[in-house]
Amino acid sequence: MNLEEIKSQIEANVPGCSLQILLNGSPSGQHSLLVDKEHGLTVASYLRDGASPKFDYCSNVTGVDWPLKETSTKQKTKKIVDGVESEVEEVIKTATGNYLEVVYHLFSMDARQGPLVLRMRTEDRVDQVHLPSLTPVWRSAELQEREVYDLFGVVFDGHPDLRRLLMWDDFKDHPMRKDYVDPDDYEYEPTAHDEVLKRMQAHYAAQGAPSASEETR
Amino acid sequence: MSVLTEASVDTVSMPADDHLQGDLLEISMGPVHPSTHGVFRMNLLLDGERVVKLKPVFGYLHRNHEKIAEHETYLGSMPYTDRLDYICSITNNWAYALAVEKLAGIPVPERAEYLRVITGELTRLQNHAGLIGFLLQDMGASGTPLMYAFREREKILDLFEALTGARMMCNYMRFGGCRCDLPAGWMEQAKKVVDEFPRFLDEFESLLRTNEILMERTQGTGIVTREQAINAGLSGPMARASGVNYDLRKVDKYGIYDRFSFRVPLGEHGDVYDRFMMRLLEMRESLEILKQAMRDIPSGPHKDPNTKIRNFRPKAGEAYGRIEAPKGELGFYLISDGGPNPYRYRVRPPSLINLTLLEQMCIGHNVSDIVIILGSIDIVLGEVDR
């Protein structure tokens with residue numbers, strides 16, 4: 001299986017999509033294909049039904065968090081200042097990341113080929129976190145996309161049942177994000193101390209009823 | 001209008017089988033129900049005994065294994081993988097080791113590959129033996145089959161204890177090999193266990209395979225077609241019971257599986273009975289592999305001498321490694337940024353993904369059938385919830 005071939009196959013059959021091959025530096029040699037989110041669903045259904053080989057088995061779906069990472073490198077360049085050539089250090093700032101990524105590992109059952117690593121990226125990590133759901137194409141993504149939604153906060157448009165999978169429904173944050181800070185106590189519930197006590201006293205005072213401390217006396 | 005007059009009016013026009021129609025009943029099954037194999041909950045909507053709707057609820061055993069592993073060194077996660085599918089710790093170790101070996105390009109010596117196959121197939125034997133015991137227990141065959149299966153399983157766990165020091169939390173694999181070599185006399189004992197195993201299988205099969213109650217309850221229950229199985233990403237015995245010819249030992253030929261001759265059993269109907277038979281037949285094939293591996297095992301190092309385990313930092317990149325675990329395709333997806341711990345560590349849990357079609361399998365069946373459908377999927381909650 002050649003990733004270049006598959007890329008040109010998709011490009012010929014899904015008009016308007018933009019694909020990019022991302023190289024992988026490890027000895028595994030599993031390079032991946034970055035698909036724009038507008039054409040994610042059409043590319044996926046083409047890969048399942050039209051491509052050769054047909055990627056009918058979507059094995060693994062997962063998310064990766066890439067927070068904004070600014071790296072600055074110093075580079076020495078020669079510049080002519082006031083007619084004198086001198087070496088000046090320039091700081092070049094590059095920013096990478098600032099998106100959430102969803103990774104699909106596809107295999108072909110009949111041709112016994114794979115993995116074809118498909119990636120999609122959100123625009124940022126705050127509110128532009130929508131990606132098309134590929135569950136209509138591969139049902140195996142159903143629970144795994146729910147997990148990505150739960151732990152990373154990627155919203156999958158078109159998912160039939162997008163709810164939290166592992167954390168409880170009232171939970172607010174997305175624990176697998178790199179900047180997640182876990183609470184001091186997961187099971188903290190406000191009890192009748194401090195602020196809650198004050199609110200309760202104010203409540204009873206307004207009602208003219210005896211305060212709780214009097215009641216229990 | 002009184003209840004009686006209303007009924008007498010309605011019975012005339014009602015279809016015959018709707019005469020007991022009442023409100024639908026919503027019940028919560030689990031998370032501490034003995035048949036759910038752990039802390040798994042299902043919200044059921046019942047029409048009498050019949051399931052109308054089923055929503056699985058996950059997360060009771062969630063401890064975010066993946067996040068913990070991101071803060072741990074590569075080797076530091078190895079003992080934790082034991083706790084995923086805690087019935088089959090050795091295959092979990094294997095899948096993780098395989099993914100790291102792909103990521104960092106580590107060779108595995110010959111003897112270590114054989115040790116992996118032997119312990120891995122023993123793991124499959126004890127998992128399948130345990131599973132069919134549980135399944136029959138769920139079906140109401142109380143006690144006896146489970147005890148028979150556990151008697152055999154215990155013999156294999158004794159072997160694991162002699163080899164690794166632990167019955168279940170083995171922590172046996174290392175990147176580029178295995179933690180330790182076989183102790184003296186282990187191979188003889190293992191050969192004895194393997195030779196005696198078919199007797200248990202024969203006995204078990206003759207007792208149960210053609211048992212009328214078992215066939216009545218399992219045949220035609222929880223059917224999954226081949227197309228549905230592929231699309232829903234089912235793997236392992238679950239998929240093969242539906243006729244999907246996809247065994248990673250044959251497809252990927254990871255390790256040294258291309259050296260052994262064994263067959264891949266396939267089901268025709270995709271029902272609970274086929275899944276039950278799949279386990280029985282796979283055990284026979286595992287025994288074949290074990291016999292060949294025990295015969296051919298060479299001497300040599302049990303781990304790659306050039307791999308540095310301490311301060312292990314693979315090059316930046318990523319890898320997805322997968323093996324045919326007893327429950328299905330167990331995969332590990334790792335991203336390295338060149339640091340001492342993985343940037344991203346993902347477990348592809350076969351138990352969770354095999355549950356995708358649970359609702360579809362159960363709709364229209366009785367509550368008691370849910371129990372055996374769930375039992376035939378073979379889930380372990382340590383892996384489902386991670």
# chains A, B, ... in the order shown; residues from 1 in each chain; ligands from 1

call {"tool": "interface_residues", "arguments": {"of": "chain A", "to": "chain B", "cutoff": "6 Å", "atoms": "only C-alpha atoms", "output": "PyMOL selection string"}}
result
chain A and resi 24-28+57+59+138-140+166

call {"tool": "select_by_dssp", "arguments": {"residues": "range 3-114 of chain A", "states": "helix (DSSP H, G or I)", "output": "count of residues only"}}
result
24

call {"tool": "residues_around", "arguments": {"residues": "Asp274 in chain B", "least_positions_apart": "3", "cutoff": "9 Å", "atoms": "only C-alpha atoms", "output": "VMD selection string"}}
result
chain B and resid 218 to 219 238 240 to 242 266 to 271 277 to 279

call {"tool": "atom_distance", "arguments": {"atom1": "CA of Asp157 in chain A", "atom2": "CA of Lys37 in chain A"}}
result
10.7 Å

call {"tool": "select_by_dssp", "arguments": {"residues": "range 81-209 of chain A", "states": "strand (DSSP E or B)", "output": "number ranges by chain"}}
result
A: 81, 84-96, 99-108, 113-121, 130-132, 155-157

call {"tool": "atom_distance", "arguments": {"atom1": "CA of Cys178 in chain B", "atom2": "CA of His302 in chain B"}}
result
5.9 Å

call {"tool": "atom_distance", "arguments": {"atom1": "CA of Trp66 in chain A", "atom2": "CA of Tyr99 in chain A"}}
result
5.5 Å

call {"tool": "residues_around", "arguments": {"residues": "Ala141 in chain A", "least_positions_apart": "5", "cutoff": "7 Å", "atoms": "only C-alpha atoms", "output": "short mmCIF file (atom, residue, chain, number, x, y, z; two decimals) with C-alpha atoms, in the first residue's frame"}}
result
data_model
loop_
_atom_site.label_atom_id
_atom_site.label_comp_id
_atom_site.auth_asym_id
_atom_site.auth_seq_id
_atom_site.Cartn_x
_atom_site.Cartn_y
_atom_site.Cartn_z
CA VAL A 61 -10.21 6.24 16.80
CA LEU A 134 -17.34 9.36 10.76
CA THR A 135 -19.76 7.11 12.68
#

call {"tool": "closest_residue", "arguments": {"among": "B:Ala293, B:Ala129, B:Ile309, B:Leu214", "to": "Gly176 in chain B", "atoms": "only C-alpha atoms"}}
result
B:Ile309

call {"tool": "residues_around", "arguments": {"residues": "Met147 in chain B", "least_positions_apart": "2", "cutoff": "12 Å", "atoms": "only C-alpha atoms", "output": "VMD selection string"}}
result
chain B and resid 129 to 134 136 to 137 141 to 145 149 to 154 200 204
